[in-house]
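*Asks:* Questions regarding the structure given below will be posed in turn.
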Amino acid sequence: MKIYLLICSVAMLGFVNAQITTMFVYEGKFNSSFGRADNFRQFKGTLVVSGDRSLFTMKEIGVHLAAVQGNNIDLRPDSLFTVFKDVESNSLLFEFSDLNQRTHLFADTLFPMDWKTSEEQRSIGGIPCLKAVTQFKGRGYTAWYAPTITIPDGPWKLGGLPGLILEAYDDEDNWHMTFVSKQEVQGFDQDHFLAAMKKGTEGFPAFAAQVKKIFSRLEAALGAQSSANCVDCQTKSVIKFHSWEKID
Amino acid sequence: MKKVILSAAMMFAAFLTQAAVGKQMDEVKLKPGEEKVSTVCWGDEASPVKEALCTITMKGRIDLGPIEAEVSCTTSATTCEAATVSAINCLSAAIKAVRTVIM
(Lines give C-alpha, C1' and ligand atoms only; values in the text may rest on other atoms or scores of the structure.)
Protein backbone atom coordinates (compact mmCIF):
# COMPACT_ATOMS: atom_id res chain seq x y z
CA MET A 1 0.00 0.00 0.00
CA LYS A 2 2.83 2.39 0.89
CA ILE A 3 4.53 1.66 -2.38
CA TYR A 4 1.29 2.32 -4.21
CA LEU A 5 0.86 5.68 -2.46
CA LEU A 6 4.45 6.60 -3.21
CA ILE A 7 3.97 5.83 -6.89
CA CYS A 8 0.77 7.86 -6.94
CA SER A 9 2.52 10.79 -5.24
CA VAL A 10 5.38 10.74 -7.71
CA ALA A 11 2.95 10.53 -10.60
CA MET A 12 0.95 13.47 -9.26
CA LEU A 13 4.12 15.47 -8.71
CA GLY A 14 5.08 14.79 -12.29
CA PHE A 15 1.64 15.95 -13.42
CA VAL A 16 1.94 19.15 -11.43
CA ASN A 17 5.39 19.80 -12.89
CA ALA A 18 4.02 19.24 -16.38
CA GLN A 19 1.58 22.10 -15.82
CA ILE A 20 4.28 24.61 -14.99
CA THR A 21 4.08 27.48 -17.40
CA THR A 22 6.84 30.01 -17.76
CA MET A 23 6.49 33.44 -19.23
CA PHE A 24 9.63 34.92 -20.74
CA VAL A 25 9.37 38.68 -21.03
CA TYR A 26 11.11 40.62 -23.78
CA GLU A 27 11.39 44.29 -24.56
CA GLY A 28 12.22 45.87 -27.83
CA LYS A 29 11.12 47.89 -30.80
CA PHE A 30 9.49 47.62 -34.17
CA ASN A 31 9.68 50.04 -37.06
CA SER A 32 6.40 49.75 -38.92
CA SER A 33 7.92 51.51 -41.93
CA PHE A 34 10.55 48.77 -42.16
CA GLY A 35 13.45 51.14 -42.63
CA ARG A 36 11.92 53.52 -45.19
CA ALA A 37 11.21 55.95 -42.38
CA ASP A 38 11.55 56.02 -38.64
CA ASN A 39 8.29 54.78 -37.20
CA PHE A 40 9.79 53.02 -34.24
CA ARG A 41 7.60 52.04 -31.35
CA GLN A 42 8.56 50.30 -28.15
CA PHE A 43 7.05 46.90 -27.48
CA LYS A 44 6.85 44.39 -24.68
CA GLY A 45 6.96 40.81 -25.89
CA THR A 46 5.89 37.75 -23.97
CA LEU A 47 6.67 34.15 -24.78
CA VAL A 48 4.55 31.86 -22.63
CA VAL A 49 5.87 28.31 -22.69
CA SER A 50 3.88 25.36 -21.41
CA GLY A 51 5.31 21.99 -22.28
CA ASP A 52 5.63 21.70 -26.03
CA ARG A 53 3.35 24.65 -26.64
CA SER A 54 4.03 28.35 -26.59
CA LEU A 55 2.40 31.66 -27.37
CA PHE A 56 4.33 34.76 -28.35
CA THR A 57 2.83 38.19 -28.70
CA MET A 58 4.01 41.76 -28.41
CA LYS A 59 2.12 44.82 -27.30
CA GLU A 60 3.06 48.43 -27.67
CA ILE A 61 4.37 50.21 -24.60
CA GLY A 62 2.79 53.57 -23.87
CA VAL A 63 0.61 55.73 -26.08
CA HIS A 64 0.01 54.89 -29.72
CA LEU A 65 1.71 57.84 -31.38
CA ALA A 66 -0.16 57.27 -34.62
CA ALA A 67 -3.23 58.59 -32.90
CA VAL A 68 -1.93 62.14 -33.19
CA GLN A 69 -0.44 61.96 -36.65
CA GLY A 70 -2.25 63.31 -39.65
CA ASN A 71 -2.56 61.54 -42.99
CA ASN A 72 -2.14 58.17 -41.37
CA ILE A 73 -4.64 55.43 -40.80
CA ASP A 74 -3.66 53.24 -37.92
CA LEU A 75 -5.29 49.82 -38.15
CA ARG A 76 -2.72 47.94 -36.12
CA PRO A 77 -4.15 45.35 -33.79
CA ASP A 78 -3.37 45.63 -30.10
CA SER A 79 -1.04 42.66 -30.38
CA LEU A 80 1.49 42.14 -33.13
CA PHE A 81 3.53 39.14 -34.22
CA THR A 82 1.25 36.77 -32.32
CA VAL A 83 2.35 33.18 -32.89
CA PHE A 84 1.21 29.92 -31.34
CA LYS A 85 3.56 26.96 -31.63
CA ASP A 86 3.06 23.31 -30.85
CA VAL A 87 6.27 21.35 -31.23
CA GLU A 88 4.60 18.01 -30.59
CA SER A 89 2.31 18.33 -33.60
CA ASN A 90 4.88 20.33 -35.56
CA SER A 91 2.41 23.20 -35.91
CA LEU A 92 2.64 26.96 -35.98
CA LEU A 93 -0.27 29.39 -36.19
CA PHE A 94 0.01 33.13 -36.58
CA GLU A 95 -2.52 35.93 -36.34
CA PHE A 96 -3.30 38.51 -38.95
CA SER A 97 -5.68 41.43 -38.58
CA ASP A 98 -7.38 42.62 -41.76
CA LEU A 99 -8.67 46.03 -42.83
CA ASN A 100 -11.77 45.57 -40.72
CA GLN A 101 -9.61 44.49 -37.79
CA ARG A 102 -10.96 40.97 -37.86
CA THR A 103 -8.35 38.53 -36.67
CA HIS A 104 -7.51 35.51 -38.80
CA LEU A 105 -5.31 32.54 -38.02
CA PHE A 106 -3.00 31.04 -40.60
CA ALA A 107 -0.62 28.12 -40.39
CA ASP A 108 3.04 28.27 -41.25
CA THR A 109 5.99 25.91 -41.16
CA LEU A 110 7.45 25.39 -37.71
CA PHE A 111 11.10 26.39 -37.54
CA PRO A 112 12.10 26.13 -41.21
CA MET A 113 15.10 28.38 -40.58
CA ASP A 114 18.50 27.15 -41.62
CA TRP A 115 20.53 28.57 -38.75
CA LYS A 116 24.24 29.17 -39.01
CA THR A 117 25.66 28.96 -35.52
CA SER A 118 28.95 30.41 -34.36
CA GLU A 119 31.10 30.36 -31.25
CA GLU A 120 30.52 34.04 -30.60
CA GLN A 121 29.27 34.50 -27.05
CA ARG A 122 27.68 37.14 -24.92
CA SER A 123 25.66 37.30 -21.76
CA ILE A 124 22.03 38.41 -21.70
CA GLY A 125 20.57 38.96 -18.26
CA GLY A 126 23.49 37.01 -16.83
CA ILE A 127 22.72 34.02 -19.05
CA PRO A 128 25.45 32.91 -21.46
CA CYS A 129 24.29 32.95 -25.06
CA LEU A 130 25.60 31.89 -28.44
CA LYS A 131 25.03 33.60 -31.75
CA ALA A 132 23.19 32.23 -34.77
CA VAL A 133 22.07 33.85 -38.00
CA THR A 134 19.56 32.93 -40.64
CA GLN A 135 17.55 34.16 -43.60
CA PHE A 136 13.81 33.93 -43.26
CA LYS A 137 11.11 35.18 -45.61
CA GLY A 138 13.32 37.80 -47.20
CA ARG A 139 15.12 39.11 -44.14
CA GLY A 140 18.28 38.28 -42.30
CA TYR A 141 17.95 37.60 -38.58
CA THR A 142 20.41 37.27 -35.75
CA ALA A 143 19.52 35.26 -32.66
CA TRP A 144 21.30 34.91 -29.35
CA TYR A 145 20.23 31.68 -27.72
CA ALA A 146 20.88 30.17 -24.31
CA PRO A 147 22.03 26.55 -24.47
CA THR A 148 21.35 26.28 -20.74
CA ILE A 149 17.62 26.87 -21.33
CA THR A 150 16.74 23.82 -23.37
CA ILE A 151 13.65 25.23 -25.00
CA PRO A 152 13.98 25.36 -28.80
CA ASP A 153 11.77 28.42 -29.08
CA GLY A 154 11.97 32.16 -29.39
CA PRO A 155 10.14 35.38 -30.19
CA TRP A 156 7.69 35.43 -33.11
CA LYS A 157 8.25 32.57 -35.57
CA LEU A 158 11.88 32.16 -34.70
CA GLY A 159 13.14 29.00 -33.02
CA GLY A 160 14.61 25.60 -33.67
CA LEU A 161 17.94 26.32 -31.98
CA PRO A 162 19.36 24.18 -29.14
CA GLY A 163 18.28 26.73 -26.57
CA LEU A 164 15.82 29.52 -25.99
CA ILE A 165 16.38 32.66 -28.07
CA LEU A 166 16.91 35.51 -25.62
CA GLU A 167 17.58 38.19 -28.19
CA ALA A 168 16.61 38.46 -31.83
CA TYR A 169 16.73 41.18 -34.44
CA ASP A 170 16.71 41.62 -38.19
CA ASP A 171 19.74 42.81 -40.14
CA GLU A 172 18.50 46.39 -40.30
CA ASP A 173 17.36 46.46 -36.70
CA ASN A 174 13.79 47.33 -37.55
CA TRP A 175 12.56 44.63 -35.19
CA HIS A 176 14.43 43.86 -31.99
CA MET A 177 13.44 41.79 -28.96
CA THR A 178 15.60 41.28 -25.89
CA PHE A 179 14.85 39.06 -22.90
CA VAL A 180 14.44 40.98 -19.64
CA SER A 181 12.85 38.61 -17.13
CA LYS A 182 10.87 35.45 -16.59
CA GLN A 183 8.16 34.34 -14.24
CA GLU A 184 5.90 31.39 -13.62
CA VAL A 185 2.29 31.93 -14.61
CA GLN A 186 -0.96 29.99 -14.47
CA GLY A 187 -0.87 28.84 -18.06
CA PHE A 188 -2.46 30.40 -21.09
CA ASP A 189 -5.62 29.94 -23.05
CA GLN A 190 -4.84 27.50 -25.83
CA ASP A 191 -8.39 26.54 -26.73
CA HIS A 192 -8.71 29.13 -29.48
CA PHE A 193 -5.59 27.86 -31.21
CA LEU A 194 -6.21 24.16 -30.60
CA ALA A 195 -9.70 24.49 -32.03
CA ALA A 196 -8.29 26.18 -35.11
CA MET A 197 -5.70 23.43 -35.49
CA LYS A 198 -8.35 20.77 -35.17
CA LYS A 199 -10.61 22.50 -37.66
CA GLY A 200 -7.77 22.96 -40.11
CA THR A 201 -6.11 26.25 -40.86
CA GLU A 202 -5.04 27.60 -44.21
CA GLY A 203 -1.33 28.06 -44.76
CA PHE A 204 0.98 30.90 -45.72
CA PRO A 205 -0.15 31.01 -49.38
CA ALA A 206 -3.66 31.80 -48.17
CA PHE A 207 -2.25 34.57 -45.99
CA ALA A 208 -0.37 35.99 -48.96
CA ALA A 209 -3.56 35.83 -51.03
CA GLN A 210 -5.47 37.72 -48.37
CA VAL A 211 -2.82 40.42 -48.17
CA LYS A 212 -2.91 40.83 -51.94
CA LYS A 213 -6.69 41.03 -51.79
CA ILE A 214 -6.44 43.85 -49.27
CA PHE A 215 -4.02 45.68 -51.49
CA SER A 216 -6.35 45.20 -54.44
CA ARG A 217 -9.24 46.69 -52.49
CA LEU A 218 -7.15 49.72 -51.60
CA GLU A 219 -5.99 50.12 -55.18
CA ALA A 220 -9.54 49.95 -56.42
CA ALA A 221 -10.73 52.48 -53.88
CA LEU A 222 -7.98 54.92 -54.72
CA GLY A 223 -8.32 54.34 -58.42
CA ALA A 224 -11.90 55.55 -58.24
CA GLN A 225 -10.79 58.87 -56.83
CA SER A 226 -9.97 61.97 -58.76
CA SER A 227 -7.92 64.79 -57.42
CA ALA A 228 -8.58 67.22 -60.21
CA ASN A 229 -8.61 70.54 -58.47
CA CYS A 230 -5.98 72.67 -60.01
CA VAL A 231 -5.81 73.46 -63.69
CA ASP A 232 -2.24 74.66 -63.43
CA CYS A 233 -1.03 71.63 -61.56
CA GLN A 234 0.40 68.29 -62.46
CA THR A 235 -0.32 65.64 -59.91
CA LYS A 236 1.09 62.18 -59.64
CA SER A 237 -0.27 59.85 -57.03
CA VAL A 238 1.25 56.55 -56.11
CA ILE A 239 0.36 53.80 -53.69
CA LYS A 240 2.98 51.30 -52.65
CA PHE A 241 2.65 48.23 -50.52
CA HIS A 242 5.11 46.74 -48.13
CA SER A 243 5.13 43.56 -46.14
CA TRP A 244 7.37 42.51 -43.29
CA GLU A 245 7.50 38.98 -44.63
CA LYS A 246 8.23 38.38 -48.26
CA ILE A 247 5.12 37.16 -49.97
CA ASP A 248 5.36 35.53 -53.38
CA MET B 1 -11.94 48.13 -31.13
CA LYS B 2 -11.41 49.99 -34.28
CA LYS B 3 -8.61 52.45 -34.19
CA VAL B 4 -9.17 54.47 -37.24
CA ILE B 5 -7.43 57.73 -36.76
CA LEU B 6 -8.00 60.40 -39.30
CA SER B 7 -6.97 63.86 -38.40
CA ALA B 8 -7.95 66.45 -40.88
CA ALA B 9 -7.04 69.13 -38.39
CA MET B 10 -3.50 67.89 -38.36
CA MET B 11 -3.19 68.05 -42.08
CA PHE B 12 -1.55 71.40 -42.04
CA ALA B 13 0.92 70.26 -39.44
CA ALA B 14 1.59 67.20 -41.53
CA PHE B 15 2.13 69.48 -44.46
CA LEU B 16 4.77 71.36 -42.55
CA THR B 17 6.63 68.19 -41.76
CA GLN B 18 6.06 66.16 -44.86
CA ALA B 19 5.94 68.55 -47.72
CA ALA B 20 9.05 68.50 -49.78
CA VAL B 21 9.44 71.76 -51.60
CA GLY B 22 11.30 71.92 -54.84
CA LYS B 23 12.07 68.22 -55.13
CA GLN B 24 11.02 65.84 -57.80
CA MET B 25 9.21 62.77 -56.59
CA ASP B 26 11.62 60.01 -55.70
CA GLU B 27 10.79 56.39 -55.90
CA VAL B 28 10.71 54.81 -52.48
CA LYS B 29 13.69 52.55 -52.26
CA LEU B 30 12.78 49.17 -50.93
CA LYS B 31 14.99 47.53 -48.40
CA PRO B 32 15.98 43.89 -48.73
CA GLY B 33 13.15 41.60 -47.83
CA GLU B 34 10.44 44.10 -48.46
CA GLU B 35 7.75 43.12 -50.80
CA LYS B 36 6.44 45.66 -53.22
CA VAL B 37 3.34 43.83 -54.26
CA SER B 38 2.32 46.47 -56.71
CA THR B 39 2.58 50.12 -57.45
CA VAL B 40 -0.18 51.96 -59.17
CA CYS B 41 -0.63 55.49 -60.28
CA TRP B 42 -4.07 56.82 -59.72
CA GLY B 43 -5.95 60.03 -59.50
CA ASP B 44 -5.59 62.98 -61.79
CA GLU B 45 -2.67 63.61 -64.01
CA ALA B 46 -3.70 66.98 -65.24
CA SER B 47 -2.21 68.86 -68.12
CA PRO B 48 1.53 69.19 -67.76
CA VAL B 49 2.81 72.40 -66.33
CA LYS B 50 5.26 73.92 -68.70
CA GLU B 51 7.17 75.88 -66.14
CA ALA B 52 6.60 74.20 -62.81
CA LEU B 53 8.47 76.10 -60.17
CA CYS B 54 7.41 74.20 -57.16
CA THR B 55 6.89 70.52 -56.42
CA ILE B 56 5.20 69.28 -53.27
CA THR B 57 5.03 65.69 -52.06
CA MET B 58 2.70 64.56 -49.32
CA LYS B 59 2.53 61.08 -47.94
CA GLY B 60 0.06 59.09 -45.92
CA ARG B 61 0.25 55.62 -44.45
CA ILE B 62 -2.18 52.81 -43.83
CA ASP B 63 -0.57 50.82 -41.05
CA LEU B 64 -1.68 47.26 -40.43
CA GLY B 65 1.38 46.29 -38.42
CA PRO B 66 3.27 43.72 -40.48
CA ILE B 67 1.96 45.21 -43.71
CA GLU B 68 1.76 48.82 -44.78
CA ALA B 69 0.40 50.83 -47.67
CA GLU B 70 1.99 54.16 -48.45
CA VAL B 71 0.16 56.78 -50.46
CA SER B 72 2.00 59.72 -51.90
CA CYS B 73 0.76 62.70 -53.86
CA THR B 74 3.26 64.79 -55.74
CA THR B 75 2.09 67.99 -57.31
CA SER B 76 3.98 70.46 -59.43
CA ALA B 77 2.70 73.95 -60.07
CA THR B 78 3.86 77.39 -60.89
CA THR B 79 3.42 78.43 -57.30
CA CYS B 80 4.07 76.49 -54.10
CA GLU B 81 0.71 77.54 -52.77
CA ALA B 82 -1.12 75.95 -55.68
CA ALA B 83 1.01 72.83 -55.49
CA THR B 84 0.43 72.53 -51.76
CA VAL B 85 -3.31 72.91 -52.01
CA SER B 86 -3.47 70.36 -54.77
CA ALA B 87 -1.28 67.87 -52.90
CA ILE B 88 -3.35 68.25 -49.74
CA ASN B 89 -6.55 67.72 -51.65
CA CYS B 90 -5.10 64.73 -53.39
CA LEU B 91 -4.03 63.06 -50.17
CA SER B 92 -7.25 63.98 -48.45
CA ALA B 93 -9.18 62.28 -51.25
CA ALA B 94 -6.95 59.24 -50.89
CA ILE B 95 -7.49 58.94 -47.17
CA LYS B 96 -11.23 59.35 -47.62
CA ALA B 97 -11.19 56.61 -50.21
CA VAL B 98 -9.40 54.26 -47.85
CA ARG B 99 -11.83 55.16 -45.14
CA THR B 100 -14.73 54.00 -47.27
CA VAL B 101 -13.03 50.64 -47.64
CA ILE B 102 -12.50 50.05 -43.95
CA MET B 103 -15.80 51.43 -42.69
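Lettering and numbering for the C-alpha coordinates are positional, with chains as A, B, ... in the shown order, residues counted from 1 in each chain, and ligands counted from 1 in the shown order.
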Please report, as a PyMOL selection string, each residue of region 37-194 of chain A to which DSSP assigns alpha helix (DSSP H) when run on this structure's backbone.

*Replies:* chain A and resi 191-194

*Asks:* Tell me which protein, DNA and RNA residues are within 9 Å of region 102-117 of chain A, counting only C-alpha atoms, leaving out same-chain ones fewer than 3 positions away, and put them as an MDAnalysis selection string.

*Replies:* chainID A and resid 77 85:87 90:99 120 130:136 153 157:161 193 196:197 200:204 206:207

*Asks:* Counting only C-alpha atoms, which of A:Phe43, A:Phe179, A:Trp244, A:Phe84 gets nearest to Gly138 (chain A)?

*Replies:*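 When distances to Gly138 (chain A) are compared using only C-alpha atoms, the smallest one comes from A:Trp244.
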
*Asks:* Of the candidates A:Ile127, A:Pro205, A:Val238, A:Cys233, which shows the shortest atom-to-atom distance to Cys80 (chain B), using only C-alpha atoms?

*Replies:*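 Among the listed residues, A:Cys233 lies closest to Cys80 (chain B).
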
*Asks:* Just how far from CA of Phe40 (chain A) is CA of Cys73 (chain B), in Å to one decimal?

*Replies:* 23.7 Å

*Asks:* Distance CA of Gly163 (chain A)-CA of Gly28 (chain A), one decimal place?

*Replies:*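 Between these atoms lies a distance of 20.1 Å.
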
*Asks:* Calculated over only C-alpha atoms, which of the candidates B:Ala97, B:Asp63, B:Leu53, B:Met58 has the smallest distance to Thr84 (chain B)?

*Replies:*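 Closest to Thr84 (chain B) of all the choices is B:Met58.
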
*Asks:* Using the chain letters and numbers from this document, which residues of region 1-158 of chain A does DSSP assign to strand (DSSP E or B), as a PyMOL selection string?

*Replies:* chain A and resi 21-31+40-50+53-60+72-74+79-86+91-97+103-108+116-124+127-136+139-146

*Asks:* So, with only C-alpha atoms as the atoms that count, which of B:Arg61, B:Val101, B:Ile95, B:Cys90 lies closest to Thr75 (chain B)?

*Replies:* B:Cys90

*Asks:* When you draw a straight line from CA of Ile247 (chain A) to CA of Lys212 (chain A), how long is it in Å?

*Replies:*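 Separation between CA of Ile247 (chain A) and CA of Lys212 (chain A): 9.0 Å.
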
*Asks:* Go through B:Gly65, B:Glu70, B:Lys59, B:Ser76 one by one, measure the shortest atom-to-atom distance of each to Ser92 (chain B) using only C-alpha atoms, and give the residue with the smallest value.

*Replies:*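 Answer, going by the shortest atom-to-atom distance: B:Lys59.
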
*Asks:* From the list A:Ser118, A:Thr148, A:Thr57, A:Asn100, which residue is nearest chain B when using only C-alpha atoms?

*Replies:*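 Nearest candidate to chain B out of A:Ser118, A:Thr148, A:Thr57, A:Asn100: A:Asn100.
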